[in-house]
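*Asks:* run.txt is reproduced below (compact mmCIF, C-alpha atoms).
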```txt
# COMPACT_ATOMS: atom_id res chain seq x y z
CA MET D 1 0.00 0.00 0.00
CA LYS D 2 2.86 2.34 0.92
CA GLU D 3 4.54 1.74 -2.43
CA ALA D 4 1.25 2.29 -4.30
CA TRP D 5 0.70 5.56 -2.45
CA GLU D 6 4.27 6.68 -3.20
CA GLN D 7 3.67 5.93 -6.88
CA ILE D 8 0.46 7.98 -6.96
CA TYR D 9 2.11 10.80 -5.00
CA GLY D 10 5.09 10.72 -7.37
CA LEU D 11 2.80 10.94 -10.39
CA LEU D 12 1.53 14.32 -9.28
CA VAL D 13 4.41 15.66 -7.21
CA GLU D 14 7.79 15.13 -8.81
CA ASP D 15 9.16 18.55 -8.06
CA GLY D 16 7.88 20.17 -4.88
CA GLN D 17 8.22 23.73 -6.14
CA ILE D 18 6.18 23.04 -9.27
CA ALA D 19 3.45 21.19 -7.37
CA VAL D 20 3.12 23.71 -4.54
CA GLY D 21 3.50 26.64 -6.95
CA THR D 22 0.77 25.24 -9.21
CA LEU D 23 -1.59 24.89 -6.26
CA ALA D 24 -0.71 28.42 -5.08
CA ALA D 25 -1.37 29.86 -8.56
CA PHE D 26 -4.67 27.99 -8.62
CA VAL D 27 -5.68 29.43 -5.23
CA ALA D 28 -4.58 32.96 -6.20
CA ALA D 29 -6.59 32.85 -9.43
CA GLY D 30 -9.54 31.44 -7.50
CA ALA D 31 -9.30 34.34 -5.07
CA VAL D 32 -9.38 36.84 -7.94
CA ALA D 33 -12.42 35.10 -9.44
CA ALA D 34 -14.17 34.99 -6.05
CA LEU D 35 -13.47 38.67 -5.46
CA GLY D 36 -14.82 39.52 -8.90
CA SER D 37 -17.99 37.55 -8.20
CA ARG D 38 -18.43 39.17 -4.80
CA LEU D 39 -18.00 42.67 -6.24
CA HIS D 40 -20.21 41.78 -9.24
CA ASN D 41 -17.28 42.80 -11.39
CA ASP D 42 -17.29 40.55 -14.48
CA LEU D 43 -14.06 42.00 -15.81
CA LEU D 44 -12.20 41.15 -12.60
CA ARG D 45 -13.75 37.68 -12.42
CA ASN D 46 -12.94 36.89 -16.05
CA SER D 47 -9.35 38.06 -15.60
CA ALA D 48 -8.76 35.12 -13.22
CA GLY D 49 -8.02 32.83 -16.19
CA PHE D 50 -5.25 35.10 -17.42
CA VAL D 51 -3.95 35.53 -13.86
CA LEU D 52 -3.66 31.74 -13.63
CA LEU D 53 -1.90 31.52 -16.99
CA ILE D 54 0.60 34.27 -16.15
CA LEU D 55 1.38 32.83 -12.71
CA LEU D 56 1.97 29.37 -14.17
CA ILE D 57 4.17 30.74 -16.94
CA ALA D 58 6.24 32.64 -14.36
CA LEU D 59 6.43 29.56 -12.13
CA LEU D 60 7.63 27.37 -14.99
CA LEU D 61 10.30 29.81 -16.11
CA VAL D 62 11.58 30.43 -12.57
CA ASN D 63 11.62 26.69 -11.86
CA VAL D 64 13.59 25.68 -14.95
CA TYR D 65 15.92 28.67 -14.54
CA THR D 66 16.67 27.61 -10.96
CA ALA D 67 17.21 24.03 -12.11
CA GLY D 68 19.58 25.32 -14.79
CA ARG D 69 21.60 27.35 -12.30
CA LYS D 70 21.84 24.39 -9.96
CA ALA D 71 22.91 22.09 -12.77
CA TYR D 72 25.54 24.46 -14.09
CA GLY D 73 26.83 25.28 -10.62
CA GLU D 74 25.97 28.93 -10.85
CA LEU D 75 24.05 29.10 -7.61
CA SER D 76 26.67 31.35 -6.09
CA ALA D 77 24.28 34.28 -5.89
CA PRO D 78 25.77 37.80 -5.68
CA TRP D 79 25.09 38.03 -1.93
CA ARG D 80 27.14 34.87 -1.38
CA ARG D 81 30.17 36.10 -3.28
CA MET U 1 -18.89 16.90 -37.14
CA SER U 2 -17.21 19.80 -35.42
CA THR U 3 -18.13 18.32 -32.01
CA ALA U 4 -16.57 15.01 -32.98
CA LEU U 5 -13.42 16.78 -34.10
CA ALA U 6 -13.29 18.80 -30.89
CA THR U 7 -13.61 15.62 -28.78
CA LEU U 8 -10.85 14.06 -30.85
CA ALA U 9 -8.58 17.06 -30.31
CA VAL U 10 -9.35 17.56 -26.63
CA ALA U 11 -9.53 13.96 -25.42
CA ALA U 12 -8.46 11.26 -27.87
CA LEU U 13 -5.30 12.79 -29.29
CA PRO U 14 -3.60 13.82 -26.01
CA ALA U 15 -4.61 10.48 -24.47
CA PHE U 16 -3.13 8.63 -27.45
CA VAL U 17 0.18 10.53 -27.41
CA ALA U 18 0.54 10.31 -23.62
CA ALA U 19 -0.33 6.61 -23.66
CA VAL U 20 2.20 5.83 -26.41
CA VAL U 21 4.96 7.31 -24.24
CA GLU U 22 3.92 5.31 -21.18
CA TRP U 23 3.23 2.02 -23.02
CA VAL U 24 6.62 2.23 -24.73
CA GLU U 25 8.26 2.48 -21.29
CA ALA U 26 6.23 -0.48 -19.97
CA PHE U 27 6.98 -2.48 -23.14
CA THR U 28 10.73 -2.14 -22.61
CA ILE U 29 10.48 -3.72 -19.14
CA VAL U 30 8.15 -6.52 -20.27
CA LEU U 31 10.40 -7.26 -23.24
CA ALA U 32 13.47 -7.46 -21.00
CA VAL U 33 11.63 -9.80 -18.61
CA GLY U 34 10.25 -11.98 -21.40
CA ASN U 35 13.55 -12.29 -23.23
CA THR U 36 15.50 -13.26 -20.12
CA ARG U 37 13.02 -15.32 -18.09
CA GLY U 38 10.50 -16.64 -20.62
CA TRP U 39 7.17 -15.20 -21.70
CA ARG U 40 4.48 -17.12 -19.83
CA SER U 41 4.56 -15.30 -16.47
CA PRO U 42 5.27 -11.78 -17.85
CA LEU U 43 2.29 -12.06 -20.20
CA TRP U 44 0.04 -12.96 -17.27
CA GLY U 45 1.56 -9.98 -15.46
CA VAL U 46 0.60 -7.71 -18.37
CA PHE U 47 -2.92 -9.13 -18.39
CA ALA U 48 -3.31 -8.65 -14.63
CA GLY U 49 -1.92 -5.10 -14.88
CA LEU U 50 -4.38 -4.18 -17.62
CA LEU U 51 -7.22 -5.69 -15.61
CA SER U 52 -6.26 -3.59 -12.57
CA LEU U 53 -6.15 -0.45 -14.71
CA GLY U 54 -9.54 -1.29 -16.20
CA VAL U 55 -11.00 -1.59 -12.70
CA ILE U 56 -9.50 1.80 -11.73
CA VAL U 57 -10.92 3.51 -14.84
CA VAL U 58 -14.37 1.94 -14.34
CA LEU U 59 -14.36 2.72 -10.60
CA PHE U 60 -13.51 6.39 -11.06
CA GLY U 61 -14.87 6.87 -14.59
CA THR U 62 -18.42 5.73 -13.88
CA PRO U 63 -19.17 8.51 -11.34
CA LEU U 64 -17.71 10.97 -13.85
CA ILE U 65 -20.40 10.01 -16.33
CA VAL U 66 -23.26 9.47 -13.90
CA TYR U 67 -22.88 12.53 -11.66
CA GLN U 68 -21.23 14.95 -14.04
CA ASP U 69 -24.25 17.24 -14.54
CA GLN U 70 -24.88 17.65 -10.81
CA VAL U 71 -21.38 18.81 -9.92
CA THR U 72 -20.12 20.48 -13.08
CA GLN U 73 -18.23 23.31 -11.38
CA THR U 74 -16.52 21.07 -8.82
CA PHE U 75 -15.56 18.69 -11.61
CA HIS U 76 -14.04 21.46 -13.68
CA LEU U 77 -11.98 22.63 -10.70
CA LEU U 78 -10.88 19.11 -9.80
CA ILE U 79 -10.03 18.16 -13.35
CA GLY U 80 -8.35 21.49 -13.94
CA ILE U 81 -5.97 21.10 -11.02
CA LEU U 82 -5.26 17.46 -11.92
CA LEU U 83 -4.41 18.42 -15.51
CA LEU U 84 -2.25 21.30 -14.30
CA LEU U 85 -0.26 19.11 -11.90
CA PHE U 86 0.35 16.55 -14.65
CA GLY U 87 0.96 19.08 -17.40
CA MET U 88 3.40 21.29 -15.49
CA ARG U 89 5.34 18.23 -14.33
CA TRP U 90 5.67 16.82 -17.87
CA LEU U 91 6.47 20.25 -19.30
CA ARG U 92 9.22 20.94 -16.78
CA LYS U 93 10.81 17.56 -17.41
CA SER U 94 10.70 18.00 -21.19
CA ILE U 95 12.25 21.47 -21.01
CA LEU U 96 15.08 20.21 -18.80
CA ARG U 97 15.63 17.27 -21.16
CA PHE U 98 15.62 19.46 -24.27
CA ALA U 99 18.19 21.71 -22.60
CA GLY U 100 20.33 18.69 -21.69
CA ILE U 101 20.07 19.25 -17.93
CA ILE U 102 18.56 15.84 -17.30
CA ALA U 103 19.28 12.81 -19.44
CA GLU U 104 16.87 11.85 -22.20
CA HIS U 105 14.90 8.65 -21.68
CA ASP U 106 16.92 5.95 -23.44
CA GLU U 107 14.90 2.77 -23.95
CA ASP U 108 17.91 0.80 -25.25
CA HIS U 109 19.92 1.64 -22.15
CA ILE U 110 17.01 0.78 -19.83
CA TYR U 111 16.51 -2.53 -21.66
CA GLN U 112 20.19 -3.48 -21.31
CA ARG U 113 20.16 -2.55 -17.61
CA GLU U 114 17.00 -4.60 -16.94
CA VAL U 115 18.36 -7.63 -18.81
CA ALA U 116 21.63 -7.47 -16.83
CA ASP U 117 19.70 -7.22 -13.53
CA LEU U 118 17.36 -10.07 -14.42
CA ARG U 119 20.15 -12.42 -15.50
CA ASP U 120 21.61 -12.12 -12.01
CA GLN U 121 18.40 -13.39 -10.42
CA THR U 122 17.88 -17.13 -10.42
CA ARG U 123 14.54 -18.77 -11.09
CA ASP U 124 12.66 -20.82 -8.53
CA ALA U 125 13.51 -24.42 -9.50
CA THR U 126 10.43 -25.86 -7.78
CA HIS U 127 8.05 -24.10 -10.21
CA PRO U 128 9.60 -24.45 -13.67
CA ARG U 129 6.44 -23.22 -15.44
CA TRP U 130 5.78 -20.21 -13.26
CA ASP U 131 8.09 -17.27 -12.53
CA ASN U 132 6.99 -14.96 -9.73
CA VAL U 133 9.67 -12.36 -10.48
CA GLY U 134 8.65 -12.20 -14.14
CA PHE U 135 4.97 -11.88 -13.27
CA TRP U 136 5.37 -9.12 -10.69
CA LEU U 137 7.90 -7.12 -12.70
CA SER U 138 5.59 -7.04 -15.71
CA TYR U 139 2.54 -6.36 -13.56
CA LYS U 140 4.29 -3.46 -11.85
CA ALA U 141 5.57 -1.98 -15.12
CA VAL U 142 2.12 -2.03 -16.70
CA LEU U 143 0.40 -0.76 -13.55
CA VAL U 144 2.87 2.06 -12.80
CA GLU U 145 3.10 3.35 -16.37
CA GLY U 146 -0.58 2.66 -16.97
CA LEU U 147 -1.63 4.50 -13.83
CA GLU U 148 -0.43 7.72 -15.39
CA VAL U 149 -2.39 6.86 -18.54
CA ALA U 150 -5.46 6.12 -16.42
CA PHE U 151 -5.21 9.47 -14.63
CA ILE U 152 -4.83 11.35 -17.89
CA VAL U 153 -7.72 9.43 -19.47
CA LEU U 154 -9.95 10.24 -16.49
CA ALA U 155 -8.91 13.90 -16.43
CA LEU U 156 -9.44 14.36 -20.17
CA GLY U 157 -12.57 12.23 -20.10
CA ALA U 158 -14.17 14.36 -17.42
CA THR U 159 -14.47 17.29 -19.82
CA GLY U 160 -17.89 15.96 -20.71
CA GLY U 161 -19.87 14.49 -23.61
CA SER U 162 -18.18 11.53 -25.22
CA ALA U 163 -14.76 12.67 -24.02
CA LEU U 164 -14.23 9.70 -21.67
CA GLN U 165 -14.94 7.18 -24.42
CA ALA U 166 -12.67 9.13 -26.78
CA ALA U 167 -9.86 9.27 -24.21
CA ILE U 168 -10.18 5.53 -23.50
CA ALA U 169 -10.18 4.83 -27.24
CA GLY U 170 -7.02 6.93 -27.61
CA ALA U 171 -5.23 5.03 -24.82
CA VAL U 172 -6.35 1.62 -26.15
CA ALA U 173 -5.29 2.55 -29.69
CA ALA U 174 -1.87 3.54 -28.33
CA PHE U 175 -1.60 0.18 -26.57
CA VAL U 176 -2.44 -1.69 -29.80
CA VAL U 177 0.06 0.37 -31.82
CA VAL U 178 2.88 -0.13 -29.29
CA VAL U 179 2.23 -3.88 -28.91
CA ALA U 180 2.00 -4.34 -32.70
CA ALA U 181 5.22 -2.41 -33.30
CA GLY U 182 6.96 -4.23 -30.47
CA ALA U 183 5.79 -7.66 -31.66
CA MET U 184 7.06 -6.93 -35.17
CA LEU U 185 10.41 -5.46 -34.16
CA HIS U 186 11.00 -7.47 -30.98
CA LYS U 187 13.31 -4.81 -29.57
CA PRO U 188 12.90 -1.65 -27.43
CA LEU U 189 11.02 1.07 -29.30
CA SER U 190 13.81 3.59 -28.83
CA PHE U 191 12.98 5.35 -32.10
CA VAL U 192 9.80 6.81 -30.55
CA PRO U 193 10.53 10.50 -29.83
CA GLU U 194 9.39 10.22 -26.21
CA ASN U 195 10.67 13.59 -25.06
CA PHE U 196 9.03 15.48 -27.89
CA MET U 197 5.78 13.60 -27.28
CA LYS U 198 5.98 14.35 -23.56
CA PHE U 199 6.51 18.01 -24.42
CA VAL U 200 3.43 18.02 -26.68
CA VAL U 201 1.29 16.31 -24.04
CA GLY U 202 2.64 18.59 -21.31
CA CYS U 203 1.67 21.66 -23.35
CA MET U 204 -1.80 20.24 -24.06
CA LEU U 205 -2.50 19.17 -20.48
CA THR U 206 -1.35 22.53 -19.11
CA THR U 207 -3.50 24.38 -21.65
CA PHE U 208 -6.60 22.32 -20.86
CA GLY U 209 -5.79 22.64 -17.16
CA VAL U 210 -5.76 26.44 -17.32
CA PHE U 211 -8.93 26.45 -19.41
CA TRP U 212 -10.93 24.06 -17.22
CA SER U 213 -9.69 25.53 -13.95
CA ALA U 214 -10.84 28.97 -15.05
CA GLU U 215 -14.19 27.56 -16.21
CA GLY U 216 -14.54 26.00 -12.76
CA MET U 217 -13.96 29.50 -11.31
CA LEU U 218 -16.89 30.67 -13.49
CA VAL U 219 -14.56 32.62 -15.77
CA GLU U 220 -15.92 33.35 -19.25
CA TRP U 221 -13.05 33.20 -21.72
CA PRO U 222 -13.19 35.76 -24.52
CA GLY U 223 -14.24 33.78 -27.59
CA GLY U 224 -15.06 30.67 -25.52
CA ASP U 225 -13.40 27.49 -26.84
CA ALA U 226 -11.63 29.55 -29.50
CA MET U 227 -9.31 30.71 -26.73
CA LEU U 228 -7.78 27.22 -26.45
CA PRO U 229 -5.34 27.57 -29.40
CA LEU U 230 -4.14 30.93 -28.05
CA LEU U 231 -3.56 29.47 -24.59
CA LEU U 232 -1.70 26.57 -26.20
CA LEU U 233 0.45 29.01 -28.16
CA ALA U 234 1.31 30.90 -24.96
CA VAL U 235 2.33 27.68 -23.21
CA VAL U 236 4.41 26.47 -26.17
CA LEU U 237 6.19 29.82 -26.56
CA THR U 238 6.93 29.98 -22.83
CA SER U 239 8.39 26.49 -22.92
CA LEU U 240 10.56 27.33 -25.92
CA VAL U 241 11.79 30.45 -24.12
CA GLY U 242 12.63 28.24 -21.14
CA VAL U 243 14.66 25.85 -23.34
CA ARG U 244 16.45 28.77 -25.03
CA VAL U 245 17.34 30.41 -21.70
CA LEU U 246 18.73 27.15 -20.34
CA GLN U 247 20.74 26.51 -23.49
CA ALA U 248 22.20 30.01 -23.27
CA MET U 249 23.17 29.34 -19.63
CA SER U 250 25.07 26.13 -20.37
CA PRO U 251 28.88 26.30 -20.06
CA ARG U 252 29.20 24.54 -23.45
CA HIS U 253 27.21 27.35 -25.08
CA ALA U 254 29.37 29.95 -23.33
CA SER U 255 32.60 28.30 -24.52
CA GLU U 256 31.28 28.10 -28.10
CA SER U 257 30.34 31.81 -28.17
CA PRO U 258 32.93 34.04 -29.84
CA ALA U 259 34.97 36.13 -27.39
CA ARG U 260 34.26 39.82 -27.47
```
Turn this file's structure into structure tokens for me.

*Replies:*
Amino acid sequence: MKEAWEQIYGLLVEDGQIAVGTLAAFVAAGAVAALGSRLHNDLLRNSAGFVLLILLIALLLVNVYTAGRKAYGELSAPWRR
Amino acid sequence: MSTALATLAVAALPAFVAAVVEWVEAFTIVLAVGNTRGWRSPLWGVFAGLLSLGVIVVLFGTPLIVYQDQVTQTFHLLIGILLLLFGMRWLRKSILRFAGIIAEHDEDHIYQREVADLRDQTRDATHPRWDNVGFWLSYKAVLVEGLEVAFIVLALGATGGSALQAAIAGAVAAFVVVVAAGAMLHKPLSFVPENFMKFVVGCMLTTFGVFWSAEGMLVEWPGGDAMLPLLLLAVVLTSLVGVRVLQAMSPRHASESPAR
């Protein structure tokens, strides 16, 4: 059972940052949509889709950039030098 | 006609491409097991694995069809987040592989490794006609790789209408194609461009994930379904930018650049 659960968990969560970031983007976009609905502001509510897209795009780029820096050993950020 | 085409594009095609990638990976393991330990037990393992997957799809797929109308919004949210988690994961992996940061999936190498491992394990002499190791290895390969297919089929199938049937048909067609190709060639299907296919599926799943999640949040997309190709374009372009940035960062690229 433990192995089966680990397999299912691994299917969805391979990289923690991507998984948590995706959920956070989802929640943030949901909050925008909820706010739009509450304020009866269709424009705000309908912008939630684009908010989700932009957050996910940013997340993906930041994630692969970080992975690239780690892989190429360039993680010596300016404040560490 | 247009509805049928839309179902094909939204459910059957991504399910087919995703399933080809996963079945090819499972096939490599089963082939290694069969070629080193005999075919009887591994084939039963494949059959049992497929049966388990069928039960999972029926168990979770039936409520999708029966209760879909009652809980449309919840379904869209649930399916959206599932597609996003899968899509982003596949997309990230493909980008890193394209950029050379993680190794490409090499079926020939995996096959050789499995064969070497299996040759080291002795068979149980008391049961000459049955091989537990062969059965369980094949069962696990089909179940693990197929579980991903099952999740994708269910997620794509939950988009409504005949999508579930289309997604199942796509996954089954992929299975038939992979088994037929494997039976003819009798070697790992390393010529299948797995990374490119994973990239395509990752882009599609992420696009559908964004679309369905937003629909679940009661967002009305400008142009409705016509927004899908534009979302797909945005995801593809972002991914290509990601690959380009990583390639520019690589030390090899830096050493090849002319000195200024």

*Asks:* One decimal, Å: what's the distance from CA of Asn35 (chain U) over to CA of Val176 (chain U), could you say?

*Replies:*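 Going from CA of Asn35 (chain U) over to CA of Val176 (chain U) covers 20.3 Å.
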
*Asks:* I'd like the contact shell of Gly242 (chain U) - 12 Å cut-off, all atoms listed in the file, skipping same-chain residues fewer than 5 positions apart - returned as a list of chain:residue names.

*Replies:* D:Ile57, D:Ala58, D:Leu59, D:Leu60, D:Leu61, D:Val62, D:Asn63, D:Val64, D:Tyr65, D:Thr66, D:Ala67, D:Gly68, U:Leu91, U:Arg92, U:Lys93, U:Ser94, U:Ile95, U:Leu96, U:Arg97, U:Phe98, U:Ala99, U:Val235, U:Val236, U:Leu237, U:Gln247, U:Ala248, U:Met249

*Asks:* Could you save those same residues with C-alpha atoms as a PDB file, keeping the file's coordinate frame?

*Replies:*
```
ATOM      1  CA  ILE D  57       4.170  30.740 -16.940  1.00  0.00           C
ATOM      2  CA  ALA D  58       6.240  32.640 -14.360  1.00  0.00           C
ATOM      3  CA  LEU D  59       6.430  29.560 -12.130  1.00  0.00           C
ATOM      4  CA  LEU D  60       7.630  27.370 -14.990  1.00  0.00           C
ATOM      5  CA  LEU D  61      10.300  29.810 -16.110  1.00  0.00           C
ATOM      6  CA  VAL D  62      11.580  30.430 -12.570  1.00  0.00           C
ATOM      7  CA  ASN D  63      11.620  26.690 -11.860  1.00  0.00           C
ATOM      8  CA  VAL D  64      13.590  25.680 -14.950  1.00  0.00           C
ATOM      9  CA  TYR D  65      15.920  28.670 -14.540  1.00  0.00           C
ATOM     10  CA  THR D  66      16.670  27.610 -10.960  1.00  0.00           C
ATOM     11  CA  ALA D  67      17.210  24.030 -12.110  1.00  0.00           C
ATOM     12  CA  GLY D  68      19.580  25.320 -14.790  1.00  0.00           C
TER      13      GLY D  68
ATOM     14  CA  LEU U  91       6.470  20.250 -19.300  1.00  0.00           C
ATOM     15  CA  ARG U  92       9.220  20.940 -16.780  1.00  0.00           C
ATOM     16  CA  LYS U  93      10.810  17.560 -17.410  1.00  0.00           C
ATOM     17  CA  SER U  94      10.700  18.000 -21.190  1.00  0.00           C
ATOM     18  CA  ILE U  95      12.250  21.470 -21.010  1.00  0.00           C
ATOM     19  CA  LEU U  96      15.080  20.210 -18.800  1.00  0.00           C
ATOM     20  CA  ARG U  97      15.630  17.270 -21.160  1.00  0.00           C
ATOM     21  CA  PHE U  98      15.620  19.460 -24.270  1.00  0.00           C
ATOM     22  CA  ALA U  99      18.190  21.710 -22.600  1.00  0.00           C
ATOM     23  CA  VAL U 235       2.330  27.680 -23.210  1.00  0.00           C
ATOM     24  CA  VAL U 236       4.410  26.470 -26.170  1.00  0.00           C
ATOM     25  CA  LEU U 237       6.190  29.820 -26.560  1.00  0.00           C
ATOM     26  CA  GLN U 247      20.740  26.510 -23.490  1.00  0.00           C
ATOM     27  CA  ALA U 248      22.200  30.010 -23.270  1.00  0.00           C
ATOM     28  CA  MET U 249      23.170  29.340 -19.630  1.00  0.00           C
TER      29      MET U 249
END
```

*Asks:* I need the chain D residues near chain U as number ranges by chain; criterion: at most 10 Å, counting all atoms listed in the file.

*Replies:* D: 4, 7-8, 11-16, 18-23, 26, 29-34, 36-37, 42-54, 56-74

*Asks:* Give me, as a PyMOL selection string, all polymer residues having an atom no more than 8 Å from region 166-172 of chain U, counting all atoms listed in the file and skipping those fewer than 2 positions away in the same chain.

*Replies:* chain U and resi 7-8+11-16+18-20+149+153-154+156-157+162-164+174-176

*Asks:* For the residues in that selection, give me C-alpha atoms as a PDB file, in the coordinates of the input.

*Replies:*
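Printed below is selection_22.pdb as written:
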```
ATOM      1  CA  THR U   7     -13.610  15.620 -28.780  1.00  0.00           C
ATOM      2  CA  LEU U   8     -10.850  14.060 -30.850  1.00  0.00           C
ATOM      3  CA  ALA U  11      -9.530  13.960 -25.420  1.00  0.00           C
ATOM      4  CA  ALA U  12      -8.460  11.260 -27.870  1.00  0.00           C
ATOM      5  CA  LEU U  13      -5.300  12.790 -29.290  1.00  0.00           C
ATOM      6  CA  PRO U  14      -3.600  13.820 -26.010  1.00  0.00           C
ATOM      7  CA  ALA U  15      -4.610  10.480 -24.470  1.00  0.00           C
ATOM      8  CA  PHE U  16      -3.130   8.630 -27.450  1.00  0.00           C
ATOM      9  CA  ALA U  18       0.540  10.310 -23.620  1.00  0.00           C
ATOM     10  CA  ALA U  19      -0.330   6.610 -23.660  1.00  0.00           C
ATOM     11  CA  VAL U  20       2.200   5.830 -26.410  1.00  0.00           C
ATOM     12  CA  VAL U 149      -2.390   6.860 -18.540  1.00  0.00           C
ATOM     13  CA  VAL U 153      -7.720   9.430 -19.470  1.00  0.00           C
ATOM     14  CA  LEU U 154      -9.950  10.240 -16.490  1.00  0.00           C
ATOM     15  CA  LEU U 156      -9.440  14.360 -20.170  1.00  0.00           C
ATOM     16  CA  GLY U 157     -12.570  12.230 -20.100  1.00  0.00           C
ATOM     17  CA  SER U 162     -18.180  11.530 -25.220  1.00  0.00           C
ATOM     18  CA  ALA U 163     -14.760  12.670 -24.020  1.00  0.00           C
ATOM     19  CA  LEU U 164     -14.230   9.700 -21.670  1.00  0.00           C
ATOM     20  CA  ALA U 174      -1.870   3.540 -28.330  1.00  0.00           C
ATOM     21  CA  PHE U 175      -1.600   0.180 -26.570  1.00  0.00           C
ATOM     22  CA  VAL U 176      -2.440  -1.690 -29.800  1.00  0.00           C
TER      23      VAL U 176
END
```

*Asks:* So the first atom is CA of Tyr111 (chain U) and the second is CA of Gly34 (chain U); what is the distance between them in Å, to one decimal place?

*Replies:*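 Pair CA of Tyr111 (chain U) / CA of Gly34 (chain U) returns 11.3 Å.
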
*Asks:* For Asp106 (chain U), work out the shell of residues within 12 Å, counting all atoms listed in the file and skipping chain neighbours fewer than 5 positions away, then give it as a short mmCIF file (atom, residue, chain, number, x, y, z; two decimals) with C-alpha atoms, keeping the file's coordinate frame.

*Replies:*
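Generated file (part_1.cif):
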```
data_model
loop_
_atom_site.label_atom_id
_atom_site.label_comp_id
_atom_site.auth_asym_id
_atom_site.auth_seq_id
_atom_site.Cartn_x
_atom_site.Cartn_y
_atom_site.Cartn_z
CA VAL U 24 6.62 2.23 -24.73
CA GLU U 25 8.26 2.48 -21.29
CA THR U 28 10.73 -2.14 -22.61
CA ARG U 97 15.63 17.27 -21.16
CA TYR U 111 16.51 -2.53 -21.66
CA GLN U 112 20.19 -3.48 -21.31
CA ARG U 113 20.16 -2.55 -17.61
CA PRO U 188 12.90 -1.65 -27.43
CA LEU U 189 11.02 1.07 -29.30
CA SER U 190 13.81 3.59 -28.83
CA PHE U 191 12.98 5.35 -32.10
CA VAL U 192 9.80 6.81 -30.55
CA PRO U 193 10.53 10.50 -29.83
CA GLU U 194 9.39 10.22 -26.21
CA ASN U 195 10.67 13.59 -25.06
#
```

*Asks:* Mind giving me the straight-line distance from CA of Ala103 (chain U) to CA of Gln121 (chain U) in Å, one decimal?

*Replies:* 27.7 Å

*Asks:* Using the file's own x, y and z axes, what box holds all listed atoms of region 36-54 of chain D with 6 Å on each side, keeping edges along x, y and z, and what are its centre and edge lengths in Å to one decimal, as JSON?

*Replies:*
```
{"center_x": -9.8, "center_y": 37.2, "center_z": -11.1, "size_x": 32.8, "size_y": 23.3, "size_z": 24.6}
```

*Asks:* Phe60 (chain U): which residues within 12 Å, counting only C-alpha atoms, same-chain residues fewer than 2 positions away excluded, as a list of chain:residue names?

*Replies:* U:Leu53, U:Gly54, U:Val55, U:Ile56, U:Val57, U:Val58, U:Thr62, U:Pro63, U:Leu64, U:Ile65, U:Val66, U:Tyr67, U:Gln68, U:Ala150, U:Phe151, U:Val153, U:Leu154, U:Ala155, U:Gly157, U:Ala158, U:Leu164

*Asks:* May I have the residues within 9 Å of Gly38 (chain U) as a ChimeraX atom specification, using all atoms listed in the file and disregarding those fewer than 4 positions away in the same chain?

*Replies:* /U:33-34,42,131,134
